file work.cif (mmCIF, N, CA and C atoms)
data_start
#
loop_
_atom_site.label_atom_id
_atom_site.label_comp_id
_atom_site.auth_asym_id
_atom_site.auth_seq_id
_atom_site.Cartn_x
_atom_site.Cartn_y
_atom_site.Cartn_z
N MET A 1 -54.33 62.87 -106.23
CA MET A 1 -54.05 62.31 -104.93
C MET A 1 -54.46 60.85 -104.87
N PHE A 2 -55.63 60.54 -105.40
CA PHE A 2 -56.08 59.15 -105.42
C PHE A 2 -55.80 58.59 -106.79
N GLY A 3 -54.84 57.75 -106.86
CA GLY A 3 -54.48 57.16 -108.14
C GLY A 3 -54.98 55.73 -108.20
N SER A 4 -54.29 54.96 -108.97
CA SER A 4 -54.70 53.56 -109.06
C SER A 4 -53.63 52.69 -108.43
N VAL A 5 -54.06 51.63 -107.81
CA VAL A 5 -53.17 50.64 -107.22
C VAL A 5 -53.36 49.39 -108.06
N GLY A 6 -52.31 49.01 -108.77
CA GLY A 6 -52.47 47.90 -109.70
C GLY A 6 -53.41 48.34 -110.80
N ASN A 7 -54.47 47.59 -111.02
CA ASN A 7 -55.47 48.00 -111.99
C ASN A 7 -56.78 48.35 -111.30
N ILE A 8 -56.70 48.72 -110.01
CA ILE A 8 -57.89 49.10 -109.26
C ILE A 8 -57.78 50.56 -108.89
N ASN A 9 -58.80 51.34 -109.16
CA ASN A 9 -58.79 52.75 -108.81
C ASN A 9 -59.16 52.89 -107.35
N ALA A 10 -58.29 53.60 -106.58
CA ALA A 10 -58.58 53.84 -105.17
C ALA A 10 -59.63 54.92 -105.06
N GLN A 11 -60.60 54.72 -104.21
CA GLN A 11 -61.68 55.67 -104.02
C GLN A 11 -61.48 56.45 -102.73
N PRO A 12 -61.74 57.77 -102.76
CA PRO A 12 -61.60 58.54 -101.52
C PRO A 12 -62.69 58.17 -100.53
N CYS A 13 -62.40 58.37 -99.26
CA CYS A 13 -63.39 58.14 -98.22
C CYS A 13 -64.23 59.41 -98.10
N THR A 14 -65.49 59.32 -98.46
CA THR A 14 -66.36 60.49 -98.44
C THR A 14 -66.82 60.79 -97.02
N LEU A 15 -66.81 62.05 -96.64
CA LEU A 15 -67.17 62.42 -95.28
C LEU A 15 -68.45 63.23 -95.21
N SER A 16 -69.28 63.17 -96.24
CA SER A 16 -70.53 63.94 -96.21
C SER A 16 -71.55 63.20 -95.36
N ALA A 17 -72.17 63.93 -94.44
CA ALA A 17 -73.15 63.34 -93.52
C ALA A 17 -74.42 63.02 -94.28
N PRO A 18 -75.23 62.07 -93.93
CA PRO A 18 -75.11 61.17 -92.79
C PRO A 18 -74.53 59.82 -93.16
N HIS A 19 -74.12 59.60 -94.39
CA HIS A 19 -73.69 58.26 -94.83
C HIS A 19 -72.18 58.07 -94.80
N HIS A 20 -71.44 58.97 -94.16
CA HIS A 20 -69.98 58.88 -94.21
C HIS A 20 -69.44 57.60 -93.58
N VAL A 21 -70.10 57.08 -92.58
CA VAL A 21 -69.62 55.86 -91.93
C VAL A 21 -69.69 54.70 -92.90
N VAL A 22 -70.80 54.59 -93.61
CA VAL A 22 -70.98 53.51 -94.57
C VAL A 22 -69.97 53.66 -95.70
N ASP A 23 -69.79 54.88 -96.21
CA ASP A 23 -68.83 55.09 -97.30
C ASP A 23 -67.42 54.72 -96.87
N CYS A 24 -67.02 55.11 -95.64
CA CYS A 24 -65.68 54.79 -95.16
C CYS A 24 -65.52 53.28 -95.00
N ALA A 25 -66.54 52.63 -94.46
CA ALA A 25 -66.46 51.19 -94.25
C ALA A 25 -66.35 50.46 -95.58
N VAL A 26 -67.12 50.91 -96.57
CA VAL A 26 -67.06 50.28 -97.89
C VAL A 26 -65.68 50.49 -98.50
N SER A 27 -65.13 51.70 -98.38
CA SER A 27 -63.81 51.98 -98.94
C SER A 27 -62.75 51.14 -98.23
N TYR A 28 -62.86 51.02 -96.91
CA TYR A 28 -61.89 50.24 -96.15
C TYR A 28 -61.98 48.77 -96.54
N ARG A 29 -63.21 48.24 -96.63
CA ARG A 29 -63.38 46.85 -97.05
C ARG A 29 -62.83 46.65 -98.45
N HIS A 30 -63.07 47.61 -99.33
CA HIS A 30 -62.58 47.52 -100.69
C HIS A 30 -61.05 47.45 -100.69
N MET A 31 -60.42 48.31 -99.86
CA MET A 31 -58.97 48.34 -99.79
C MET A 31 -58.44 47.02 -99.24
N ARG A 32 -59.04 46.49 -98.16
CA ARG A 32 -58.58 45.26 -97.56
C ARG A 32 -58.71 44.07 -98.52
N LYS A 33 -59.75 44.13 -99.34
CA LYS A 33 -60.02 43.01 -100.25
C LYS A 33 -59.12 43.04 -101.48
N HIS A 34 -58.86 44.24 -102.01
CA HIS A 34 -58.23 44.32 -103.32
C HIS A 34 -56.77 44.78 -103.31
N VAL A 35 -56.31 45.40 -102.24
CA VAL A 35 -54.92 45.84 -102.19
C VAL A 35 -54.12 44.77 -101.46
N PRO A 36 -53.05 44.29 -102.07
CA PRO A 36 -52.26 43.24 -101.42
C PRO A 36 -51.74 43.69 -100.06
N THR A 37 -51.64 42.76 -99.14
CA THR A 37 -51.19 43.06 -97.78
C THR A 37 -49.82 43.72 -97.80
N SER A 38 -48.95 43.29 -98.70
CA SER A 38 -47.60 43.86 -98.76
C SER A 38 -47.62 45.33 -99.15
N ALA A 39 -48.68 45.80 -99.83
CA ALA A 39 -48.77 47.20 -100.24
C ALA A 39 -49.50 48.07 -99.22
N GLN A 40 -50.10 47.46 -98.19
CA GLN A 40 -50.81 48.22 -97.18
C GLN A 40 -49.82 48.80 -96.18
N ILE A 41 -50.13 49.96 -95.66
CA ILE A 41 -49.24 50.66 -94.74
C ILE A 41 -49.85 50.65 -93.35
N ASP A 42 -49.06 50.28 -92.35
CA ASP A 42 -49.50 50.33 -90.96
C ASP A 42 -49.17 51.72 -90.44
N LEU A 43 -50.20 52.52 -90.19
CA LEU A 43 -49.98 53.91 -89.77
C LEU A 43 -49.26 54.01 -88.44
N GLU A 44 -49.53 53.10 -87.50
CA GLU A 44 -48.86 53.15 -86.20
C GLU A 44 -47.36 52.95 -86.37
N GLN A 45 -46.96 52.04 -87.24
CA GLN A 45 -45.54 51.81 -87.45
C GLN A 45 -44.94 52.98 -88.22
N LEU A 46 -45.68 53.52 -89.19
CA LEU A 46 -45.20 54.65 -89.98
C LEU A 46 -44.95 55.87 -89.10
N LEU A 47 -45.87 56.15 -88.17
CA LEU A 47 -45.75 57.31 -87.29
C LEU A 47 -44.87 57.04 -86.07
N GLY A 48 -44.51 55.79 -85.85
CA GLY A 48 -43.68 55.44 -84.70
C GLY A 48 -44.46 55.40 -83.40
N THR A 49 -45.78 55.24 -83.49
CA THR A 49 -46.60 55.22 -82.28
C THR A 49 -46.95 53.80 -81.85
N TYR A 50 -46.49 52.80 -82.58
CA TYR A 50 -46.82 51.41 -82.25
C TYR A 50 -45.97 50.96 -81.07
N ALA A 51 -46.62 50.44 -80.06
CA ALA A 51 -45.93 49.86 -78.92
C ALA A 51 -46.52 48.49 -78.68
N PRO A 52 -45.72 47.43 -78.74
CA PRO A 52 -46.27 46.10 -78.51
C PRO A 52 -46.80 46.00 -77.09
N PRO A 53 -47.83 45.19 -76.90
CA PRO A 53 -48.38 45.05 -75.55
C PRO A 53 -47.34 44.46 -74.61
N PRO A 54 -47.30 44.91 -73.37
CA PRO A 54 -46.30 44.38 -72.44
C PRO A 54 -46.58 42.92 -72.13
N GLN A 55 -45.51 42.16 -71.99
CA GLN A 55 -45.63 40.75 -71.65
C GLN A 55 -45.83 40.63 -70.14
N VAL A 56 -46.99 40.17 -69.76
CA VAL A 56 -47.32 40.03 -68.35
C VAL A 56 -47.28 38.55 -68.01
N GLU A 57 -46.53 38.23 -66.97
CA GLU A 57 -46.44 36.84 -66.54
C GLU A 57 -47.73 36.45 -65.82
N ALA A 58 -48.23 35.28 -66.13
CA ALA A 58 -49.45 34.80 -65.49
C ALA A 58 -49.21 34.58 -64.00
N PRO A 59 -50.23 34.80 -63.18
CA PRO A 59 -50.06 34.54 -61.74
C PRO A 59 -49.70 33.08 -61.47
N LYS A 60 -49.04 32.85 -60.36
CA LYS A 60 -48.58 31.50 -60.00
C LYS A 60 -49.73 30.50 -59.96
N ARG A 61 -50.89 30.93 -59.47
CA ARG A 61 -52.06 30.04 -59.39
C ARG A 61 -52.43 29.52 -60.78
N ILE A 62 -52.42 30.41 -61.77
CA ILE A 62 -52.79 30.00 -63.13
C ILE A 62 -51.70 29.10 -63.72
N ARG A 63 -50.44 29.43 -63.48
CA ARG A 63 -49.35 28.57 -63.97
C ARG A 63 -49.45 27.18 -63.37
N ASN A 64 -49.78 27.09 -62.08
CA ASN A 64 -49.92 25.79 -61.43
C ASN A 64 -51.12 25.02 -61.98
N ASP A 65 -52.24 25.70 -62.26
CA ASP A 65 -53.41 25.04 -62.85
C ASP A 65 -53.06 24.45 -64.21
N LYS A 66 -52.32 25.20 -65.00
CA LYS A 66 -51.93 24.70 -66.34
C LYS A 66 -50.96 23.53 -66.24
N ARG A 67 -50.02 23.64 -65.31
CA ARG A 67 -49.05 22.55 -65.13
C ARG A 67 -49.75 21.28 -64.65
N LEU A 68 -50.67 21.41 -63.70
CA LEU A 68 -51.41 20.26 -63.20
C LEU A 68 -52.24 19.64 -64.33
N GLY A 69 -52.90 20.46 -65.12
CA GLY A 69 -53.68 19.96 -66.25
C GLY A 69 -52.81 19.25 -67.27
N PHE A 70 -51.61 19.79 -67.51
CA PHE A 70 -50.68 19.17 -68.46
C PHE A 70 -50.26 17.78 -67.97
N ARG A 71 -49.98 17.67 -66.67
CA ARG A 71 -49.59 16.38 -66.11
C ARG A 71 -50.73 15.37 -66.18
N ILE A 72 -51.95 15.83 -65.93
CA ILE A 72 -53.11 14.93 -66.03
C ILE A 72 -53.27 14.44 -67.47
N ARG A 73 -53.10 15.35 -68.43
CA ARG A 73 -53.20 14.94 -69.84
C ARG A 73 -52.13 13.92 -70.18
N GLN A 74 -50.89 14.16 -69.73
CA GLN A 74 -49.82 13.20 -70.01
C GLN A 74 -50.17 11.82 -69.44
N ARG A 75 -50.61 11.79 -68.21
CA ARG A 75 -50.95 10.51 -67.57
C ARG A 75 -52.12 9.84 -68.27
N ARG A 76 -53.10 10.63 -68.68
CA ARG A 76 -54.25 10.07 -69.40
C ARG A 76 -53.79 9.43 -70.71
N HIS A 77 -52.85 10.09 -71.40
CA HIS A 77 -52.34 9.52 -72.65
C HIS A 77 -51.52 8.25 -72.38
N GLU A 78 -50.76 8.24 -71.29
CA GLU A 78 -50.00 7.03 -70.94
C GLU A 78 -50.93 5.85 -70.72
N LEU A 79 -52.09 6.10 -70.13
CA LEU A 79 -53.07 5.05 -69.86
C LEU A 79 -54.00 4.78 -71.04
N HIS A 80 -53.81 5.51 -72.14
CA HIS A 80 -54.64 5.38 -73.34
C HIS A 80 -56.13 5.59 -73.03
N MET A 81 -56.40 6.60 -72.22
CA MET A 81 -57.79 6.93 -71.86
C MET A 81 -58.25 8.12 -72.70
N SER A 82 -59.53 8.12 -73.03
CA SER A 82 -60.12 9.27 -73.72
C SER A 82 -60.60 10.28 -72.67
N LEU A 83 -60.92 11.47 -73.14
CA LEU A 83 -61.49 12.47 -72.23
C LEU A 83 -62.81 11.98 -71.64
N GLU A 84 -63.60 11.29 -72.46
CA GLU A 84 -64.88 10.78 -71.99
C GLU A 84 -64.69 9.75 -70.88
N GLN A 85 -63.71 8.86 -71.07
CA GLN A 85 -63.47 7.82 -70.07
C GLN A 85 -63.02 8.42 -68.74
N LEU A 86 -62.08 9.36 -68.80
CA LEU A 86 -61.62 9.98 -67.56
C LEU A 86 -62.72 10.83 -66.93
N GLY A 87 -63.47 11.52 -67.77
CA GLY A 87 -64.59 12.32 -67.26
C GLY A 87 -65.61 11.45 -66.55
N HIS A 88 -65.89 10.29 -67.12
CA HIS A 88 -66.85 9.36 -66.51
C HIS A 88 -66.32 8.88 -65.16
N ALA A 89 -65.02 8.58 -65.10
CA ALA A 89 -64.43 8.11 -63.86
C ALA A 89 -64.43 9.20 -62.78
N ILE A 90 -64.31 10.44 -63.21
CA ILE A 90 -64.28 11.57 -62.27
C ILE A 90 -65.70 12.01 -61.92
N GLY A 91 -66.61 11.82 -62.85
CA GLY A 91 -67.99 12.25 -62.63
C GLY A 91 -68.28 13.60 -63.24
N CYS A 92 -67.65 13.88 -64.39
CA CYS A 92 -67.92 15.14 -65.09
C CYS A 92 -67.90 14.88 -66.59
N THR A 93 -68.21 15.89 -67.37
CA THR A 93 -68.27 15.75 -68.83
C THR A 93 -66.87 15.87 -69.43
N TYR A 94 -66.74 15.46 -70.69
CA TYR A 94 -65.44 15.58 -71.35
C TYR A 94 -65.09 17.05 -71.57
N GLN A 95 -66.12 17.93 -71.71
CA GLN A 95 -65.85 19.35 -71.86
C GLN A 95 -65.19 19.90 -70.60
N GLN A 96 -65.69 19.47 -69.44
CA GLN A 96 -65.09 19.91 -68.18
C GLN A 96 -63.67 19.37 -68.05
N MET A 97 -63.46 18.13 -68.50
CA MET A 97 -62.11 17.55 -68.47
C MET A 97 -61.16 18.36 -69.34
N GLN A 98 -61.65 18.82 -70.49
CA GLN A 98 -60.83 19.67 -71.37
C GLN A 98 -60.41 20.93 -70.64
N LYS A 99 -61.35 21.54 -69.92
CA LYS A 99 -61.05 22.77 -69.19
C LYS A 99 -60.04 22.52 -68.07
N TYR A 100 -60.16 21.38 -67.41
CA TYR A 100 -59.18 21.04 -66.38
C TYR A 100 -57.79 20.87 -67.00
N GLU A 101 -57.72 20.15 -68.12
CA GLU A 101 -56.43 19.85 -68.74
C GLU A 101 -55.76 21.10 -69.32
N THR A 102 -56.54 22.04 -69.80
CA THR A 102 -55.95 23.26 -70.37
C THR A 102 -55.68 24.32 -69.31
N GLY A 103 -56.17 24.10 -68.10
CA GLY A 103 -55.96 25.07 -67.03
C GLY A 103 -56.97 26.20 -67.02
N LYS A 104 -58.00 26.09 -67.85
CA LYS A 104 -59.04 27.13 -67.87
C LYS A 104 -59.87 27.10 -66.59
N ASN A 105 -60.09 25.91 -66.05
CA ASN A 105 -60.78 25.76 -64.77
C ASN A 105 -59.82 25.10 -63.78
N ALA A 106 -59.82 25.60 -62.57
CA ALA A 106 -58.98 25.02 -61.53
C ALA A 106 -59.63 23.73 -61.01
N ILE A 107 -58.79 22.78 -60.65
CA ILE A 107 -59.28 21.53 -60.09
C ILE A 107 -59.43 21.72 -58.59
N LYS A 108 -60.60 21.42 -58.08
CA LYS A 108 -60.85 21.57 -56.64
C LYS A 108 -60.06 20.50 -55.89
N ALA A 109 -59.61 20.86 -54.70
CA ALA A 109 -58.83 19.93 -53.89
C ALA A 109 -59.62 18.67 -53.55
N THR A 110 -60.94 18.80 -53.46
CA THR A 110 -61.76 17.63 -53.13
C THR A 110 -61.80 16.61 -54.26
N LEU A 111 -61.45 17.04 -55.48
CA LEU A 111 -61.44 16.12 -56.62
C LEU A 111 -60.11 15.38 -56.77
N LEU A 112 -59.06 15.87 -56.13
CA LEU A 112 -57.75 15.25 -56.32
C LEU A 112 -57.70 13.77 -55.96
N PRO A 113 -58.31 13.33 -54.84
CA PRO A 113 -58.30 11.87 -54.57
C PRO A 113 -59.01 11.06 -55.66
N THR A 114 -60.07 11.63 -56.23
CA THR A 114 -60.78 10.94 -57.31
C THR A 114 -59.90 10.85 -58.55
N PHE A 115 -59.20 11.95 -58.87
CA PHE A 115 -58.27 11.92 -60.00
C PHE A 115 -57.15 10.92 -59.74
N ALA A 116 -56.62 10.89 -58.52
CA ALA A 116 -55.53 9.96 -58.18
C ALA A 116 -55.96 8.51 -58.39
N THR A 117 -57.19 8.20 -57.99
CA THR A 117 -57.69 6.83 -58.18
C THR A 117 -57.87 6.51 -59.66
N ALA A 118 -58.46 7.44 -60.39
CA ALA A 118 -58.74 7.21 -61.81
C ALA A 118 -57.45 7.10 -62.63
N LEU A 119 -56.43 7.87 -62.25
CA LEU A 119 -55.18 7.86 -63.00
C LEU A 119 -54.15 6.90 -62.42
N ASP A 120 -54.50 6.22 -61.31
CA ASP A 120 -53.63 5.24 -60.67
C ASP A 120 -52.28 5.85 -60.29
N VAL A 121 -52.35 6.99 -59.58
CA VAL A 121 -51.15 7.66 -59.10
C VAL A 121 -51.36 8.02 -57.63
N PRO A 122 -50.26 8.18 -56.87
CA PRO A 122 -50.43 8.64 -55.48
C PRO A 122 -50.85 10.11 -55.46
N LEU A 123 -51.46 10.53 -54.40
CA LEU A 123 -51.94 11.90 -54.28
C LEU A 123 -50.80 12.92 -54.37
N THR A 124 -49.63 12.54 -53.91
CA THR A 124 -48.48 13.46 -53.96
C THR A 124 -48.00 13.72 -55.39
N TRP A 125 -48.37 12.85 -56.33
CA TRP A 125 -47.95 13.00 -57.74
C TRP A 125 -48.40 14.34 -58.31
N PHE A 126 -49.55 14.82 -57.89
CA PHE A 126 -50.09 16.07 -58.42
C PHE A 126 -49.24 17.27 -58.04
N PHE A 127 -48.49 17.18 -56.97
CA PHE A 127 -47.74 18.33 -56.49
C PHE A 127 -46.27 18.33 -56.90
N GLU A 128 -45.84 17.29 -57.60
CA GLU A 128 -44.46 17.22 -58.06
C GLU A 128 -44.25 18.26 -59.15
N GLY A 129 -43.24 19.09 -58.98
CA GLY A 129 -42.90 20.07 -60.00
C GLY A 129 -43.70 21.36 -59.96
N LEU A 130 -44.61 21.51 -59.00
CA LEU A 130 -45.38 22.75 -58.88
C LEU A 130 -44.60 23.77 -58.07
N GLU A 131 -44.85 25.05 -58.35
CA GLU A 131 -44.21 26.12 -57.60
C GLU A 131 -44.81 26.18 -56.20
N ALA A 132 -43.98 26.48 -55.24
CA ALA A 132 -44.46 26.57 -53.85
C ALA A 132 -45.21 27.85 -53.60
#
call {"tool": "encode", "arguments": {"input": "work.cif", "output": "structure tokens"}}
result
Amino acid sequence: MFGSVGNINAQPCTLSAPHHVVDCAVSYRHMRKHVPTSAQIDLEQLLGTYAPPPQVEAPKRIRNDKRLGFRIRQRRHELHMSLEQLGHAIGCTYQQMQKYETGKNAIKATLLPTFATALDVPLTWFFEGLEA
């Protein structure tokens, strides 16, 4: 039942207590390391039980945060500003600026006038192209 794959002998997964977990992990690591990926079998696909995760659309709030951050990044690049420079003008760190630009953190409405001044844009610029 356990033959050789290439020039490596496949080892059975021993289930004798209490070391069976270690033996299985070692065998699995051995298989992952020495058996080419093309020769490995995905059991979920083989049995037909694999179902890709459903594609869930992000909430509108998150989409708007990402869009706003993208526009800020574009404007910052147009002005040849670094994250540090814009962060200093806003009063936050460059790490926080990164989070704003990627949409990981939402920009508070009270910061928008400060961003508008630093980026030399009207306040309405932030709302162009956002979903209602």
call {"tool": "closest_residue", "arguments": {"input": "work.cif", "among": "A:Leu86, A:Met81, A:Val121, A:Ile72", "to": "A:Glu101", "atoms": "only C-alpha atoms"}}
result
A:Ile72
call {"tool": "residues_around", "arguments": {"input": "work.cif", "residues": "stretch 108-117 of chain A", "least_positions_apart": "4", "cutoff": "9 Å", "atoms": "only C-alpha atoms", "output": "NGL selection string"}}
result
:A and (72 or 86 or 89-90 or 121-126)
call {"tool": "atom_distance", "arguments": {"input": "work.cif", "atom1": "atom N of A:Thr49", "atom2": "atom C of A:Pro36"}}
result
21.1 Å
call {"tool": "atom_distance", "arguments": {"input": "work.cif", "atom1": "atom CA of A:Gln85", "atom2": "atom CA of A:Arg73"}}
result
12.5 Å
